[in-house]
Structures are given as structure tokens and as C-alpha cells.
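Reviewing the structure listed below.
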Amino acid sequence: MTKYIKYVDVTKCDGCRACMVACKNWNDLPADPQDFQGSVQSHPKVSADTWNVMQYIEHENGKGDLEYLFRHSACFHCTDAACEKVCPENAISYSKYGTVVIDQDKCVGCGYCVQNCPFEVISLKEYVDKNGDKYRKSQKCTMCTDRLEEGLQPACVTTCHTGSLEFGEESAMIKKAEQRVKEMKDRFPNAQVYNPQGVGGTHTIYVLAEKPSVYGLPENPKVPTSAVIWKDYAQPIGKMMIGATTMAVVGAFVTNNIISKRKALKEDRGEDHE
Amino acid sequence: MMKSVVSKEYQELQKRIVQLQEQWKQSINPETIRPSLDKAAMAAGMPAVSQTAIDFDISLFLQWIAELNQTLIANNPDLEPKLAAVVDVLTEETVIRWIEEAYSFNQIYFEKFADEHGVDQWIPPFLAETALRPYLQLTAEKVQPAITHGVPGAGCPVCGEPVRLAALEEEGKKVVHCPRCLAHWHARRLECSHCGNTDHEKIHFLTIEGDPVSQIQVCEECNGYIKIIDTRQYIEKPSAALMDLNSIHLDFVAQEHGYSSMDEKKQNS
């Protein structure tokens, strides 16, 4: 199957926030009122009800000029996703499009994914059931997997009017990103493609005008070692050990039964007269 | 794959037929199609194919019908005797007549032909139309640069097929597509392709709940409709023929609401 990814060219973005509106609209997300942030940015970062947020960054470049930078921020859909690794309930999985999705029925709201996401794009939402009990579920951008299934592009991409967002075949998008970085090296010497390999590459790649840290992004995000140890070693070994213990118990039970039966048989035959 | 009211098997069959037509089109010598478009005739809405000299290769045409029959039989073996009965009566003269009648959508001729030869009514027009399309499509390709707009009520400027399908493309441009010859041309967003009405108060849009890409544009002036598909939202752009097939539910909805794919006023007058 062709691998599709989302391409975000932050230098073409004019900060209109239509992607945020399209996301709320398609995913039926409620309003998420915020206090004034001190800038035009509406929310400090993505939340359980706001799956993509337009970042507005006032940055002083090396020449002492002020740059006003925008970035459409949402889930990166990592190829090796830390959230998927740490989820104890296997509620987070990869769809056939490579997008990382949460099964709300399986999620128990433990919050491990929230703590381990290198991009901080997962949030817990609190719900109240009919008995008044509170429970929590993880929420984040799904890359509109329900739209992909219909052959449609994600809602944010469809609505973007500057061509900052695109959705297409991976190699074509990467080529486009590299070409774009070349074009603007004079204007933005720190321009680069952001497709971090520490998480196996992502399903959202960025053309950034500045270093990732300027946008609050990790320079080299990784799946936490503890998560790898936990999921790839501890859990399978643990399961194996549970299996081994069960087998030992069952084995002991069977052998004990046989032994006691033999003993009983001997007694019946009157071989034991003491 | 996008959801459709059409069954997967039928979609697959149609895809194979579209592929066949593409192959057939490649095998036509482009020089056998010689358009000589007259500006006044085009402005009056006369289809380009009627101003084009086409040297049909009858043996090629017969070969295509044989290939099409094979595809249909592979899909449904029960059709074999029915299709064989048609092939038996297909002479060169009949084929020439078929081409002429398929050109002008002469449904009456085909119905009569089917009755005379005791074959199912759908078979003769289906075979004739399917095998004619590669010629229409190649003609459309040749004249496409000259096709900038349609004449309201005249149908497709290349083949005359009634207008029923448009796509919203980049920057929201409305492009009318002909699913028959695959010609396409720009149209105004608020204009009825059947009667030319531009009064926005008389143009309405019907939408299907849960379907984010389709709308039906209806005109209260002439009671006509066209289907509009927002292809900007698709990851891979569907071809006009398959888009028309997969949106067939919209035709049902529009017709159930009393709209027609032509200008009713003109037809009745």
C-alpha cells in the first residue's frame, strides 16, 4: 500500500487557523475556552478537545530582526510511537495508513501515553458516567483516519488555503520538502526538514524556517528507553514467567494426583500393612 | 476505497471496461480523427464530434466488441449465449449503423434492433456505446484546448451528452466533466448548466447527511440538476467515469425530488 504522509510547510502558513476550525468541525470537538495567553495564540498547546493548535512565535533571528513564525501543531503519528509502546492495555495501535490511533473502549485513562509522548500531543479528558463516577480517556489527533478510509484527505489539509498543508505519497512529499528548504536557505539559513529518525520518522513532516527548538520541538526525540525495556523485554518475559508458573502449578497438581492415586491403589491392594 | 452505493463487483467490472477503453484509444491512429471546428457552430452549442471527420476502423470496432464480450462473460458466464446471439448478427453494415445511432443516442433504433433479433434490450446500445467511446475520448483529447466553456442547454461541447457532473477543483473552480468523452470545461459556480440561469435565489444545493464531498445543484428556473463533487478532498483524484458511477445515488435523490438532467422547460416547449 502506498504510504501517505502530511506535509507542513510552516513558511507558507499565514496563521489563519482554518485548520483548527476544520478539525473541530470534522471531529465534533467542543469549544475549549481559554484565558488570554498574552499573544494571539489561542491555546498554549493541543488538548483533549483541541487536537491541533496554531503556534505563533515571536523570534529574534541572528541579525537582530523579529520573525513572526507560525506552526500548525498536531500529533506527528510516529512510525515508532512511544505512546503505543507504553500503553499497558494495547489501546493505542497503528492503522493500516500508519496513523497512530486510540481505541477508546480499551483505554483506561492511565496517562502513560501522555507522559511518554516526546511531542506532548496526547491529553486526558475527564468524563462523568451516569452514576456520577469520573473516568478518563486519552485524546489526540487521529490524522482523520475515518476520512482516509473514505479516500479523503485529513480535514485540516482540505481546508488549508495557502498550500501550507498537503497530503501525499511519502517520497514525493520528502522530495518537495527538501526542495523547499533549498529554495529558502537565503531567507532562512536554519531552515530544515523535520522528520525525526529517533522515532522512525513521522507521518507528519515539517519544513521549518528555524531550528526545531525555536518551535518548542525536541531536536532529537526518542522512544524512552524505559518504554522499550518495559514493552519489548519486561512484558514478554513477565508473560513468559506467568506461563511458566502456571505450567509448574498445573504440572505439580497432575504429578501429585498421580502419586496420591498410586498410593491409594497400593493401600487398596493391601500391600501396605504397617 | 471510498464508500459507494454501487457493489464492489460492479465497480471492478466498470474499472476493467475503463481500462479497456484506454487501451483501445491508444490503438487508434490519431490521424483518422480530423476536427475542423467552426466558431459560430461551437458558440451555438453544436458538439465538436459533429464537426469532426472520423475514419472508423470497422474491424477494430468488431475486435473491441469481442474483447468487451470476453470481459462481460468472465464476470458473468450466464451472458455467453445472449452475447453470442448479438455477435452472430453483427455485420459490417450493422456496425456502421450502430456507430451512427450510438452517436445520436437513438434509443428507439436499438430497442427495435433488440426486439427484431430477440436479444436483451440493454445489450446492443451498451456494446455500441462502450466501443464508440474511445473515438469520442480521443476526439475530446484533440479538441480539449479549444473547449473553454459550455453552452447552457447544449450538453457536452464535444459529444453532446447532457451535463450532469461537475467537480470542485483547486481554488474552488467548478469544472464540468463529461463522463462519456472525458472532456472538461470551466463553469461559473452559480450558474445552471442547463438553462444558464445565474439568479442565486433560484439555485439551491441538496446535500446528503454524512457525505462531505457531494452536493446536488438544482435550478428552480428549469428544474434541472447537476451533481457536484469536491474532488479537492480526495487523496487520489477519481476519473470522471468512475466518479459518475459512484455518485449514482445523487441522481436518484435529485430525480426523486422532481429534478431532471436536462432543461425541462426547453424540452416541453
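In the C-alpha cells, chains take letters A, B, ... by order of appearance, with residues numbered from 1 within each chain and ligands from 1 in the order shown.
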Extract, using only C-alpha atoms, all DNA, RNA and protein residues at most 12 Å from Asp211 (chain B), discarding same-chain residues fewer than 6 positions from it, and format them as a list in words.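 With the cut-off at 12 Å, the set is Trp26, Arg147, Glu150 and Leu152 of chain A; Met2, Lys3, Ser4, Ile229, Asp230, Gln233, Ser247, His249 and Leu250 of chain B.
Backbone DSSP of region 49-87 of chain A yields helix (DSSP H, G or I) at Ala82, Cys83, Glu84, Lys85 and Val86 of chain A.
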### Message
Which residues are close to Trp230 (chain A), i.e. within 12 Å by only C-alpha atoms, leaving aside same-chain residues fewer than 2 positions away? Reply as number ranges by chain.
### Response
A: 82, 84-88, 112, 223-228, 232-239
Could you produce a table of the residues of chain A lying within 10 Å of chain B, with the nearest pair of atoms per residue and their separation in Å rounded to one decimal, using only C-alpha atoms, ordered by chain and increasing residue number, as a tab-separated table?
residue	atom	partner	partner_atom	distance
A:Tyr4	CA	B:Ile235	CA	8.9
A:Trp26	CA	B:Pro212	CA	9.5
A:Arg147	CA	B:Met2	CA	9.2
A:Leu148	CA	B:Ile235	CA	8.0
A:Glu149	CA	B:Met1	CA	6.5
A:Glu150	CA	B:Met2	CA	4.2
A:Gly151	CA	B:Met2	CA	5.2
A:Leu152	CA	B:Tyr234	CA	4.3
A:Gln153	CA	B:Ile235	CA	5.3
A:Pro154	CA	B:Gln233	CA	8.1
A:Ala155	CA	B:Gln233	CA	8.1
A:Val157	CA	B:Gln233	CA	8.4
A:Thr158	CA	B:Gln233	CA	5.5
A:Thr159	CA	B:Gln233	CA	8.7
A:His161	CA	B:Glu171	CA	7.9
A:Thr162	CA	B:Glu171	CA	9.9
A:Glu166	CA	B:Ile235	CA	9.8
A:Phe167	CA	B:Ile235	CA	7.2
A:Gly168	CA	B:Ile235	CA	7.0
A:Glu169	CA	B:Ile235	CA	9.3
In Å and to one decimal, CA of Asp115 (chain B) is distant from CA of Thr91 (chain B) by 17.3 Å
